[in-house]
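Raw data22.txt, compact mmCIF, C-alpha atoms (C1' of nucleotides):
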```txt
# COMPACT_ATOMS: atom_id res chain seq x y z
CA MET D 1 -94.67 157.48 -15.47
CA ALA D 2 -97.27 156.00 -13.24
CA ALA D 3 -95.21 153.11 -11.99
CA LEU D 4 -96.69 153.14 -8.52
CA GLN D 5 -100.13 154.54 -8.41
CA LYS D 6 -101.48 151.73 -6.36
CA SER D 7 -102.45 152.98 -2.98
CA ILE D 8 -100.18 151.99 -0.15
CA ASP D 9 -103.13 152.52 2.16
CA LYS D 10 -105.12 149.88 0.38
CA ARG D 11 -102.24 147.46 0.59
CA ASN D 12 -101.88 148.12 4.30
CA ALA D 13 -105.58 147.69 4.88
CA LEU D 14 -105.38 144.31 3.17
CA ILE D 15 -102.46 143.25 5.33
CA GLN D 16 -104.18 144.39 8.49
CA ALA D 17 -107.37 142.59 7.56
CA THR D 18 -105.40 139.45 6.85
CA ILE D 19 -103.76 139.55 10.26
CA GLU D 20 -106.98 140.08 12.11
CA LEU D 21 -109.00 137.49 10.24
CA VAL D 22 -106.30 134.85 10.24
CA ASN D 23 -105.85 135.37 13.97
CA ASN D 24 -109.53 134.74 14.54
CA ASP D 25 -110.30 132.01 12.06
CA GLY D 26 -107.05 130.66 10.65
CA PHE D 27 -105.67 130.92 7.16
CA HIS D 28 -107.88 128.50 5.30
CA ALA D 29 -111.02 129.54 7.11
CA THR D 30 -110.51 133.12 5.99
CA PRO D 31 -112.03 133.76 2.56
CA MET D 32 -110.59 136.34 0.26
CA SER D 33 -114.05 137.89 0.08
CA LYS D 34 -113.97 138.55 3.83
CA ILE D 35 -110.51 140.07 3.68
CA ALA D 36 -111.70 142.28 0.86
CA LYS D 37 -114.76 143.37 2.78
CA MET D 38 -112.78 144.22 5.90
CA ALA D 39 -110.35 146.25 3.81
CA SER D 40 -113.26 147.99 2.04
CA VAL D 41 -112.14 146.75 -1.31
CA SER D 42 -113.41 144.48 -4.04
CA PRO D 43 -112.17 140.88 -3.99
CA ALA D 44 -110.71 141.40 -7.44
CA THR D 45 -108.65 144.30 -6.17
CA ILE D 46 -106.63 142.03 -3.92
CA TYR D 47 -105.17 140.49 -7.05
CA LEU D 48 -103.80 143.84 -8.15
CA TYR D 49 -101.62 143.86 -5.03
CA PHE D 50 -100.89 140.19 -4.53
CA ASP D 51 -100.53 137.21 -6.83
CA ASN D 52 -102.91 135.03 -4.89
CA LYS D 53 -103.95 134.11 -1.38
CA GLN D 54 -100.71 132.32 -0.59
CA ASP D 55 -98.71 135.30 -1.73
CA LEU D 56 -100.83 137.60 0.41
CA VAL D 57 -100.20 135.61 3.53
CA ASN D 58 -96.50 135.14 2.79
CA LYS D 59 -96.00 138.85 2.33
CA THR D 60 -98.02 139.60 5.42
CA TYR D 61 -95.82 137.24 7.40
CA ILE D 62 -92.61 138.79 6.18
CA GLU D 63 -93.88 142.26 6.90
CA VAL D 64 -94.98 141.40 10.43
CA LYS D 65 -91.75 139.56 11.13
CA ALA D 66 -89.72 142.54 9.94
CA CYS D 67 -91.80 144.78 12.17
CA TYR D 68 -91.15 142.40 15.07
CA THR D 69 -87.40 142.34 14.71
CA ALA D 70 -87.17 146.05 14.09
CA TYR D 71 -89.05 146.55 17.32
CA ALA D 72 -86.88 144.06 19.18
CA PHE D 73 -83.59 145.69 18.21
CA GLU D 74 -84.78 149.29 18.31
CA THR D 75 -82.96 150.21 21.51
CA TYR D 76 -80.06 147.80 21.14
CA ASP D 77 -76.66 148.48 19.72
CA GLU D 78 -73.69 146.22 19.33
CA THR D 79 -71.43 148.13 21.69
CA MET D 80 -73.56 147.25 24.68
CA PRO D 81 -72.24 144.70 27.21
CA VAL D 82 -73.72 141.27 26.68
CA GLU D 83 -75.98 141.08 29.70
CA TYR D 84 -77.37 144.53 29.17
CA GLY D 85 -77.84 143.89 25.48
CA PHE D 86 -79.77 140.73 26.21
CA LYS D 87 -81.93 142.56 28.69
CA VAL D 88 -82.67 145.40 26.32
CA ILE D 89 -83.68 143.05 23.52
CA TRP D 90 -85.66 140.77 25.74
CA LYS D 91 -87.66 143.59 27.24
CA ARG D 92 -88.45 144.99 23.84
CA ILE D 93 -89.68 141.62 22.68
CA ALA D 94 -91.88 141.35 25.73
CA GLU D 95 -93.21 144.81 25.03
CA PHE D 96 -93.94 143.79 21.48
CA LYS D 97 -96.01 140.87 22.68
CA ILE D 98 -98.05 143.21 24.78
CA LYS D 99 -98.35 146.29 22.64
CA GLU D 100 -98.60 144.51 19.31
CA SER D 101 -100.40 141.45 20.48
CA ALA D 102 -102.25 140.85 17.23
CA ASN D 103 -98.97 140.82 15.35
CA ALA D 104 -97.39 138.54 17.93
CA LEU D 105 -100.29 136.13 17.75
CA PHE D 106 -100.11 136.09 14.00
CA LEU D 107 -96.44 135.19 14.09
CA ALA D 108 -97.02 132.40 16.57
CA GLN D 109 -99.63 130.93 14.31
CA CYS D 110 -97.45 131.20 11.23
CA ASP D 111 -94.46 129.67 12.96
CA ASN D 112 -96.36 126.58 14.05
CA THR D 113 -98.38 125.91 10.95
CA PRO D 114 -97.82 124.80 7.35
CA MET D 115 -99.38 128.11 6.37
CA ILE D 116 -96.24 129.88 5.19
CA ASP D 117 -93.89 128.94 2.36
CA GLU D 118 -90.51 127.68 3.41
CA ALA D 119 -88.85 130.49 1.47
CA SER D 120 -90.78 133.15 3.33
CA ARG D 121 -89.98 131.45 6.60
CA GLN D 122 -86.28 131.64 5.85
CA GLU D 123 -86.67 135.23 4.81
CA GLY D 124 -88.27 136.02 8.15
CA ILE D 125 -85.44 134.46 10.11
CA LYS D 126 -82.69 136.57 8.62
CA HIS D 127 -83.37 139.62 10.70
CA LEU D 128 -82.61 137.80 13.94
CA GLN D 129 -78.91 137.82 13.18
CA PRO D 130 -78.02 140.52 15.76
CA LEU D 131 -79.28 138.28 18.55
CA LEU D 132 -77.21 135.36 17.31
CA ASP D 133 -74.19 137.63 17.15
CA LEU D 134 -74.81 138.83 20.67
CA TRP D 135 -74.84 135.27 21.86
CA ALA D 136 -71.68 134.37 20.05
CA ARG D 137 -70.09 137.30 21.82
CA GLY D 138 -71.51 136.25 25.19
CA LYS D 139 -70.13 132.76 24.76
CA LYS D 140 -66.73 134.08 23.77
CA GLU D 141 -66.63 136.29 26.85
CA GLY D 142 -67.66 133.40 29.08
CA ILE D 143 -70.82 135.13 30.17
CA ILE D 144 -73.22 132.86 28.39
CA LYS D 145 -73.22 129.10 28.77
CA PRO D 146 -71.63 127.16 25.94
CA LEU D 147 -75.00 126.03 24.68
CA SER D 148 -75.19 124.31 21.33
CA ASP D 149 -75.55 126.85 18.56
CA TYR D 150 -78.54 124.93 17.48
CA LEU D 151 -80.29 125.47 20.79
CA LEU D 152 -79.42 129.13 20.80
CA TYR D 153 -80.79 129.33 17.34
CA ALA D 154 -84.03 127.76 18.44
CA TYR D 155 -84.09 130.16 21.33
CA ALA D 156 -83.49 133.04 18.98
CA ILE D 157 -86.44 132.15 16.82
CA ASN D 158 -88.61 132.49 19.83
CA PRO D 159 -86.83 133.57 22.99
CA LEU D 160 -90.13 134.37 24.55
CA SER D 161 -91.92 131.22 23.71
CA PHE D 162 -93.20 130.68 27.16
CA LEU D 163 -94.41 134.22 27.37
CA MET D 164 -96.13 133.56 24.09
CA MET D 165 -97.96 130.70 25.70
CA ALA D 166 -98.93 132.99 28.51
CA GLN D 167 -100.28 135.58 26.14
CA ASN D 168 -101.48 133.90 23.06
CA ARG D 169 -104.60 132.01 23.62
CA GLY D 170 -105.46 133.18 27.07
CA SER D 171 -106.54 136.76 27.05
CA ILE D 172 -105.07 137.72 30.39
CA GLN D 173 -102.60 140.58 30.47
CA LEU D 174 -99.23 140.06 32.10
CA THR D 175 -98.14 142.47 34.82
CA GLN D 176 -94.84 144.30 34.95
CA LEU D 177 -93.76 142.11 37.85
CA GLU D 178 -94.42 138.99 35.84
CA LEU D 179 -92.46 140.38 32.95
CA ASP D 180 -89.50 141.05 35.24
CA GLN D 181 -89.71 137.54 36.61
CA ALA D 182 -89.89 136.11 33.14
CA TYR D 183 -86.83 138.08 32.11
CA GLU D 184 -84.90 136.87 35.15
CA ALA D 185 -85.88 133.31 34.38
CA ALA D 186 -84.77 133.64 30.78
CA TRP D 187 -81.46 135.18 31.71
CA SER D 188 -80.82 132.58 34.39
CA SER D 189 -81.31 129.86 31.87
CA ILE D 190 -78.49 130.96 29.65
CA LYS D 191 -76.02 132.87 31.80
CA VAL D 192 -73.01 131.18 33.31
CA CYS D 193 -73.64 130.66 37.02
CA LYS D 194 -71.05 132.49 39.10
CA MET R 195 -125.77 93.90 22.87
CA ALA R 196 -123.92 95.30 19.96
CA ALA R 197 -123.43 98.68 21.55
CA LEU R 198 -119.88 98.89 20.32
CA GLN R 199 -119.40 96.95 17.17
CA LYS R 200 -117.66 99.78 15.50
CA SER R 201 -114.08 98.90 14.96
CA ILE R 202 -111.62 100.59 17.25
CA ASP R 203 -109.01 100.00 14.58
CA LYS R 204 -110.93 102.07 12.12
CA ARG R 205 -111.28 104.86 14.63
CA ASN R 206 -107.57 104.78 15.33
CA ALA R 207 -106.74 104.80 11.66
CA LEU R 208 -108.87 107.89 11.26
CA ILE R 209 -107.14 109.63 14.14
CA GLN R 210 -103.72 108.74 12.81
CA ALA R 211 -104.60 109.93 9.33
CA THR R 212 -105.89 113.17 10.77
CA ILE R 213 -102.65 113.80 12.65
CA GLU R 214 -100.47 113.10 9.67
CA LEU R 215 -102.47 115.09 7.17
CA VAL R 216 -103.06 118.05 9.45
CA ASN R 217 -99.35 118.14 10.22
CA ASN R 218 -98.55 118.35 6.55
CA ASP R 219 -101.29 120.56 5.23
CA GLY R 220 -103.13 122.11 8.15
CA PHE R 221 -106.67 121.54 9.31
CA HIS R 222 -108.64 123.34 6.65
CA ALA R 223 -106.43 122.18 3.82
CA THR R 224 -107.11 118.58 4.76
CA PRO R 225 -110.26 117.24 3.10
CA MET R 226 -112.33 114.57 4.73
CA SER R 227 -111.99 112.56 1.54
CA LYS R 228 -108.23 112.45 1.98
CA ILE R 229 -108.49 111.43 5.61
CA ALA R 230 -110.88 108.68 4.56
CA LYS R 231 -108.57 107.49 1.83
CA MET R 232 -105.55 107.36 4.12
CA ALA R 233 -107.57 105.41 6.67
CA SER R 234 -108.84 103.08 3.94
CA VAL R 235 -112.41 103.96 4.64
CA SER R 236 -115.28 105.63 2.86
CA PRO R 237 -115.81 109.33 3.58
CA ALA R 238 -119.27 108.51 4.84
CA THR R 239 -117.83 106.12 7.39
CA ILE R 240 -116.07 108.92 9.20
CA TYR R 241 -119.49 110.18 10.21
CA LEU R 242 -120.25 106.93 11.97
CA TYR R 243 -117.37 107.65 14.33
CA PHE R 244 -117.40 111.43 14.55
CA ASP R 245 -120.11 114.08 14.31
CA ASN R 246 -118.27 116.18 11.78
CA LYS R 247 -114.84 117.44 10.87
CA GLN R 248 -114.58 119.75 13.88
CA ASP R 249 -115.49 116.91 16.20
CA LEU R 250 -112.90 114.68 14.57
CA VAL R 251 -110.11 117.17 15.13
CA ASN R 252 -111.24 118.03 18.67
CA LYS R 253 -111.25 114.38 19.65
CA THR R 254 -107.91 113.82 17.97
CA TYR R 255 -106.47 116.72 19.94
CA ILE R 256 -107.76 115.45 23.26
CA GLU R 257 -106.46 111.99 22.56
CA VAL R 258 -103.00 113.19 21.58
CA LYS R 259 -102.85 115.53 24.56
CA ALA R 260 -103.80 112.70 26.91
CA CYS R 261 -101.13 110.55 25.32
CA TYR R 262 -98.63 113.37 25.83
CA THR R 263 -99.32 113.89 29.49
CA ALA R 264 -99.45 110.18 30.22
CA TYR R 265 -96.03 109.91 28.64
CA ALA R 266 -94.72 112.90 30.55
CA PHE R 267 -95.74 111.61 33.96
CA GLU R 268 -95.07 107.93 33.29
CA THR R 269 -91.94 107.70 35.43
CA TYR R 270 -92.86 110.42 37.93
CA ASP R 271 -94.46 110.00 41.29
CA GLU R 272 -95.38 112.56 43.87
CA THR R 273 -93.01 111.29 46.53
CA MET R 274 -89.97 112.30 44.49
CA PRO R 275 -87.92 115.31 45.59
CA VAL R 276 -88.77 118.42 43.62
CA GLU R 277 -85.62 118.73 41.57
CA TYR R 278 -85.59 115.08 40.65
CA GLY R 279 -89.28 115.13 39.84
CA PHE R 280 -88.81 118.08 37.55
CA LYS R 281 -85.94 116.36 35.84
CA VAL R 282 -87.84 113.13 35.35
CA ILE R 283 -90.83 114.90 33.84
CA TRP R 284 -88.76 117.20 31.70
CA LYS R 285 -86.75 114.38 30.22
CA ARG R 286 -89.85 112.42 29.43
CA ILE R 287 -91.34 115.40 27.66
CA ALA R 288 -88.18 115.80 25.65
CA GLU R 289 -88.31 112.15 24.79
CA PHE R 290 -91.87 112.54 23.69
CA LYS R 291 -90.89 115.29 21.31
CA ILE R 292 -88.33 113.03 19.77
CA LYS R 293 -90.02 109.65 19.75
CA GLU R 294 -93.51 110.88 19.05
CA SER R 295 -92.60 113.83 16.92
CA ALA R 296 -95.72 113.70 14.79
CA ASN R 297 -97.87 113.91 17.89
CA ALA R 298 -95.76 116.73 19.31
CA LEU R 299 -96.01 118.67 16.09
CA PHE R 300 -99.73 118.20 15.99
CA LEU R 301 -100.08 119.59 19.50
CA ALA R 302 -97.93 122.60 18.69
CA GLN R 303 -100.13 123.38 15.75
CA CYS R 304 -103.32 122.96 17.73
CA ASP R 305 -102.08 125.11 20.59
CA ASN R 306 -101.23 128.04 18.35
CA THR R 307 -104.20 127.99 16.04
CA PRO R 308 -107.94 128.63 16.21
CA MET R 309 -108.36 125.05 15.06
CA ILE R 310 -109.58 123.56 18.33
CA ASP R 311 -112.70 124.39 20.31
CA GLU R 312 -112.12 126.23 23.55
CA ALA R 313 -113.81 123.43 25.46
CA SER R 314 -111.44 120.83 24.06
CA ARG R 315 -108.51 123.09 24.82
CA GLN R 316 -109.56 123.28 28.47
CA GLU R 317 -110.08 119.54 28.54
CA GLY R 318 -106.53 119.06 27.28
CA ILE R 319 -105.04 121.24 29.99
CA LYS R 320 -106.48 119.33 32.90
CA HIS R 321 -103.96 116.53 32.80
CA LEU R 322 -101.07 118.88 33.52
CA GLN R 323 -102.13 119.24 37.12
CA PRO R 324 -99.31 117.05 38.56
CA LEU R 325 -96.73 119.49 37.18
CA LEU R 326 -98.51 122.45 38.72
CA ASP R 327 -98.63 120.58 42.02
CA LEU R 328 -94.94 119.84 41.80
CA TRP R 329 -94.22 123.49 41.36
CA ALA R 330 -96.38 124.52 44.24
CA ARG R 331 -94.38 122.10 46.34
CA GLY R 332 -91.08 123.43 44.99
CA LYS R 333 -92.05 126.96 45.84
CA LYS R 334 -93.15 125.97 49.33
CA GLU R 335 -89.83 124.24 49.93
CA GLY R 336 -87.91 127.26 48.66
CA ILE R 337 -86.34 125.29 45.85
CA ILE R 338 -88.21 126.97 43.05
CA LYS R 339 -88.31 130.72 42.55
CA PRO R 340 -91.48 132.43 43.68
CA LEU R 341 -92.59 132.92 40.11
CA SER R 342 -96.11 134.10 39.47
CA ASP R 343 -98.49 131.18 39.28
CA TYR R 344 -99.56 132.50 35.99
CA LEU R 345 -96.08 132.23 34.54
CA LEU R 346 -95.65 128.75 35.93
CA TYR R 347 -98.93 127.87 34.37
CA ALA R 348 -97.78 129.17 31.03
CA TYR R 349 -94.61 127.21 31.49
CA ALA R 350 -96.60 124.14 32.32
CA ILE R 351 -98.61 124.33 29.14
CA ASN R 352 -95.42 124.15 27.24
CA PRO R 353 -92.32 123.75 29.37
CA LEU R 354 -90.40 122.76 26.32
CA SER R 355 -91.48 125.47 24.05
CA PHE R 356 -88.03 126.32 22.95
CA LEU R 357 -87.26 122.72 22.25
CA MET R 358 -90.43 122.67 20.25
CA MET R 359 -89.07 125.46 18.14
CA ALA R 360 -85.91 123.48 17.68
CA GLN R 361 -87.79 120.41 16.56
CA ASN R 362 -90.96 121.47 14.94
CA ARG R 363 -90.42 123.01 11.62
CA GLY R 364 -86.79 122.27 11.15
CA SER R 365 -86.25 118.61 10.59
CA ILE R 366 -82.93 118.33 12.39
CA GLN R 367 -82.70 115.87 15.23
CA LEU R 368 -81.44 117.03 18.61
CA THR R 369 -78.52 115.19 20.18
CA GLN R 370 -78.43 113.84 23.72
CA LEU R 371 -75.94 116.53 24.67
CA GLU R 372 -78.27 119.22 23.45
CA LEU R 373 -81.12 117.73 25.40
CA ASP R 374 -79.01 117.78 28.55
CA GLN R 375 -78.09 121.39 27.94
CA ALA R 376 -81.69 122.28 27.35
CA TYR R 377 -82.71 120.60 30.56
CA GLU R 378 -80.04 122.47 32.52
CA ALA R 379 -81.17 125.73 31.01
CA ALA R 380 -84.77 125.04 31.91
CA TRP R 381 -83.94 124.08 35.47
CA SER R 382 -81.67 127.10 35.89
CA SER R 383 -84.47 129.36 34.87
CA ILE R 384 -86.77 128.32 37.67
CA LYS R 385 -84.59 127.07 40.52
CA VAL R 386 -83.58 129.34 43.36
CA CYS R 387 -79.94 130.31 42.89
CA LYS R 388 -77.85 129.16 45.84
C1' DT P 389 -133.02 87.27 8.39
C1' DC P 390 -132.48 91.49 10.75
C1' DG P 391 -130.08 95.53 12.11
C1' DA P 392 -125.91 97.80 12.28
C1' DA P 393 -121.90 99.22 9.57
C1' DA P 394 -119.92 100.57 5.45
C1' DA P 395 -119.77 102.14 0.90
C1' DG P 396 -119.97 105.19 -3.31
C1' DA P 397 -122.35 108.55 -5.51
C1' DA P 398 -124.99 112.76 -5.15
C1' DT P 399 -125.92 117.41 -3.30
C1' DG P 400 -125.39 121.96 -2.43
C1' DA P 401 -122.69 125.51 -0.51
C1' DA P 402 -118.39 128.07 -0.29
C1' DC P 403 -114.60 129.85 -2.27
C1' DA P 404 -110.32 131.39 -5.14
C1' DT P 405 -109.71 133.42 -9.14
C1' DT P 406 -110.93 135.61 -13.63
C1' DC P 407 -113.69 138.48 -16.76
C1' DA P 408 -115.90 142.32 -18.74
C1' DT P 409 -116.89 146.97 -17.42
C1' DT P 410 -116.57 151.21 -15.19
C1' DT P 411 -114.03 154.69 -12.63
C1' DT P 412 -110.12 157.40 -11.61
C1' DC P 413 -105.85 159.39 -12.50
C1' DT P 414 -102.24 161.87 -15.16
C1' DG P 415 -100.01 164.16 -18.59
C1' DT P 416 -100.66 166.89 -22.62
C1' DA P 417 -102.61 170.03 -26.00
C1' DT P 418 -105.46 173.75 -26.31
C1' DA A 419 -106.74 176.84 -16.36
C1' DT A 420 -109.47 173.15 -19.06
C1' DA A 421 -110.71 169.29 -21.46
C1' DC A 422 -109.56 165.07 -23.07
C1' DA A 423 -107.29 160.65 -24.30
C1' DG A 424 -105.15 156.80 -22.74
C1' DA A 425 -103.83 153.81 -19.24
C1' DA A 426 -103.96 152.05 -14.82
C1' DA A 427 -106.93 150.82 -10.98
C1' DA A 428 -110.95 149.22 -9.21
C1' DT A 429 -115.21 146.83 -9.35
C1' DG A 430 -119.22 143.30 -9.11
C1' DA A 431 -120.57 139.52 -11.22
C1' DA A 432 -119.39 135.19 -13.23
C1' DT A 433 -116.85 130.60 -13.38
C1' DG A 434 -115.45 126.30 -12.27
C1' DT A 435 -113.72 123.63 -8.62
C1' DT A 436 -113.41 121.67 -4.17
C1' DC A 437 -115.30 119.86 -0.29
C1' DA A 438 -118.27 118.63 3.93
C1' DT A 439 -122.08 116.19 4.52
C1' DT A 440 -126.12 113.27 3.32
C1' DC A 441 -128.67 109.73 0.75
C1' DT A 442 -129.47 105.27 -1.00
C1' DT A 443 -127.84 100.91 -1.48
C1' DT A 444 -124.99 97.01 -0.29
C1' DT A 445 -122.38 94.11 2.91
C1' DC A 446 -121.58 91.88 7.12
C1' DG A 447 -122.15 89.62 11.58
C1' DA A 448 -124.98 87.36 14.84
```

Go through the file and emit its structure as structure tokens.
Amino acid sequence: MAALQKSIDKRNALIQATIELVNNDGFHATPMSKIAKMASVSPATIYLYFDNKQDLVNKTYIEVKACYTAYAFETYDETMPVEYGFKVIWKRIAEFKIKESANALFLAQCDNTPMIDEASRQEGIKHLQPLLDLWARGKKEGIIKPLSDYLLYAYAINPLSFLMMAQNRGSIQLTQLELDQAYEAAWSSIKVCK
Amino acid sequence: MAALQKSIDKRNALIQATIELVNNDGFHATPMSKIAKMASVSPATIYLYFDNKQDLVNKTYIEVKACYTAYAFETYDETMPVEYGFKVIWKRIAEFKIKESANALFLAQCDNTPMIDEASRQEGIKHLQPLLDLWARGKKEGIIKPLSDYLLYAYAINPLSFLMMAQNRGSIQLTQLELDQAYEAAWSSIKVCK
DNA sequence: TCGAAAAGAATGAACATTCATTTTCTGTAT
DNA sequence: ATACAGAAAATGAATGTTCATTCTTTTCGA
């Protein structure tokens, strides 16, 4: 059976093109024809891989978000002490912003825009669970302030939001020192003061 | 002279309609015809007030941003002690998010999207100067951590970014307690630990 | 009565999606 | 091995719609 002959490379090229073009021009200012051209594919071909433009961008979002969270939790495991765990995750997220800046920018745009379906948004959130768990543990151990779950949740969606601001629309690169400072600031804001 | 016979009400209605529609559908998914209809005006009339669609959204952005900063600094003056000044500004910003949530949402979308001209973006940033000055003072007095100016700047663009996340795309309203917690977290992240 | 302001209809370009063909792949029979 | 049939994949060219902007005419205020 030829159930999956469609080229995964072509699909990836389409996703990459979508990210790059949406970053530069925004969702609605990015024509399917341009995405097709950048992916070296006919416009009609896109519809073999995705239902329509909305579906393309939804799936791109979910894929990038999954990539983001996988990256964030790569070096973390649940047996780590809370503070160390937080540090490990935080640093990975910062690294993601820097090394995968196109992906990070794309996520920022999606998360602040009516561009993505609510369902896909929910889907994208799921993978952040380990961070929420870590925080629950930190609160239980008295290491993390008893912040409202709702705030922690907001924080979890974008713990680096101010780094995002620093990175997103300015093109300046953050230094290691700045990253360390940013981490310290973030940790200070949630840890219980001794 | 009839240099300004054009109705300021009509202009305002157009700006309001732009904010509301862009919040719901995004810039490019908002047709001029719809903006006109919501403002009870002919599409052609928009062009008496604005050069084109881009100009309309740029001017809307600048106006909302000015409104935001005016609100933020309303109760602040430069003679206040640093910590108190920070608190006063922060609380006003939080209030803005809550009371003027449509405006806040609009700004979040503009700031994370290629929707606004770079020039207008710069224009919008200018009014944040008092906060930068406050921080310079705080650092000089040893009250605020010696964070990189660049980070403080990023923070200044959106000191409430994580509150934004909490408010923007979820529709849940934050409680007073949560706001207090959020303020404490923000202050902890930048103050010098005693 | 004149000039600005406003209106509605018209224009032309851009775009998402579909259609009718062509190309490529794969499994099978020789 | 080889050729071929059938199906999936890919294509470029329509199609029909939507929309920003402009044009011509009408309304309004002084």

Counting all atoms listed in the file, a student should be able to say which residues of chain R come within 9 Å of chain A; what is the right answer, written as a short mmCIF file (atom, residue, chain, number, x, y, z; two decimals) with C-alpha atoms, in the coordinates of the input?
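Saved file result-v8.cif follows:
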```cif
data_model
loop_
_atom_site.label_atom_id
_atom_site.label_comp_id
_atom_site.auth_asym_id
_atom_site.auth_seq_id
_atom_site.Cartn_x
_atom_site.Cartn_y
_atom_site.Cartn_z
CA PRO R 225 -110.26 117.24 3.10
CA MET R 226 -112.33 114.57 4.73
CA SER R 227 -111.99 112.56 1.54
CA ALA R 238 -119.27 108.51 4.84
CA TYR R 241 -119.49 110.18 10.21
CA ASN R 246 -118.27 116.18 11.78
CA LYS R 247 -114.84 117.44 10.87
#
```

Which residues of chain P come within 8 Å of chain D, and what is each one's closest atom pair and distance in Å (one decimal), counting only C-alpha atoms (C1' of nucleotides), sorted by chain and residue number, as CSV?
```
residue,atom,partner,partner_atom,distance
P:DC403,C1',D:Pro31,CA,6.7
P:DA404,C1',D:Met32,CA,7.3
P:DT414,C1',D:Ala2,CA,7.9
```

### Message
Neighbouring residues of Glu184 in chain D were defined as those with any atom within 12 Å, considering all atoms listed in the file; residues of the same chain fewer than 2 positions away were excluded. Please report them as a list in words.
### Response
Glu83, Phe86, Lys87, Trp90, Lys91, Leu177, Glu178, Leu179, Asp180, Gln181, Ala182, Ala186, Trp187, Ser188, Ser189, Ile190 and Lys191 of chain D; Lys339, Pro340, Leu341, Ser382, Ser383, Ile384, Lys385, Val386 and Cys387 of chain R

### Query
Mind pulling up the distance from CA of Asn103 in chain D to CA of Ile213 in chain R?
27.4 Å

### Query
What is the C1' of DT409 in chain P to CA of Thr18 in chain D distance in Å?
27.9 Å

## Note on the structure
Nearest to chain R, restricted to only C-alpha atoms and choosing among D:Asp149, D:Glu74, D:Gln16, D:Lys10, comes out as D:Asp149

#### Entry: Using only C-alpha atoms: which of D:Phe96, D:Trp135, D:Tyr150, D:Phe27 has the shortest distance to Tyr71 in chain D
D:Phe96

### Query
CA of Thr239 in chain R and C1' of DA392 in chain P are how many Å apart?
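One can read the CA of Thr239 in chain R to C1' of DA392 in chain P distance as 12.6 Å.
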
### Task
Kindly indicate which residue among R:Asp327, R:Asp245, R:Glu312, R:Glu257 lies nearest to chain D, using all atoms listed in the file for the distances.
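That would be R:Glu312, the residue with the smallest distance to chain D.
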
### Message
Measuring between all atoms listed in the file, which one of R:Lys253, R:Lys228, R:His321, R:His222 shows the shortest distance to chain D?
### Response
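Using all atoms listed in the file, the shortest distance to chain D belongs to R:His222.
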
#### Entry: Nearest residue to chain D from the set R:Lys293, R:Lys334, R:Lys320, R:Arg315 (distances using only C-alpha atoms)
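Among the listed residues, the smallest separation from chain D belongs to R:Arg315.
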
### Task
Compare D:Ile144, D:Ile15, D:Ala29, D:Leu21 by their minimum atom-to-atom distance to chain R, counting all atoms listed in the file, and give me the closest one.
D:Ala29
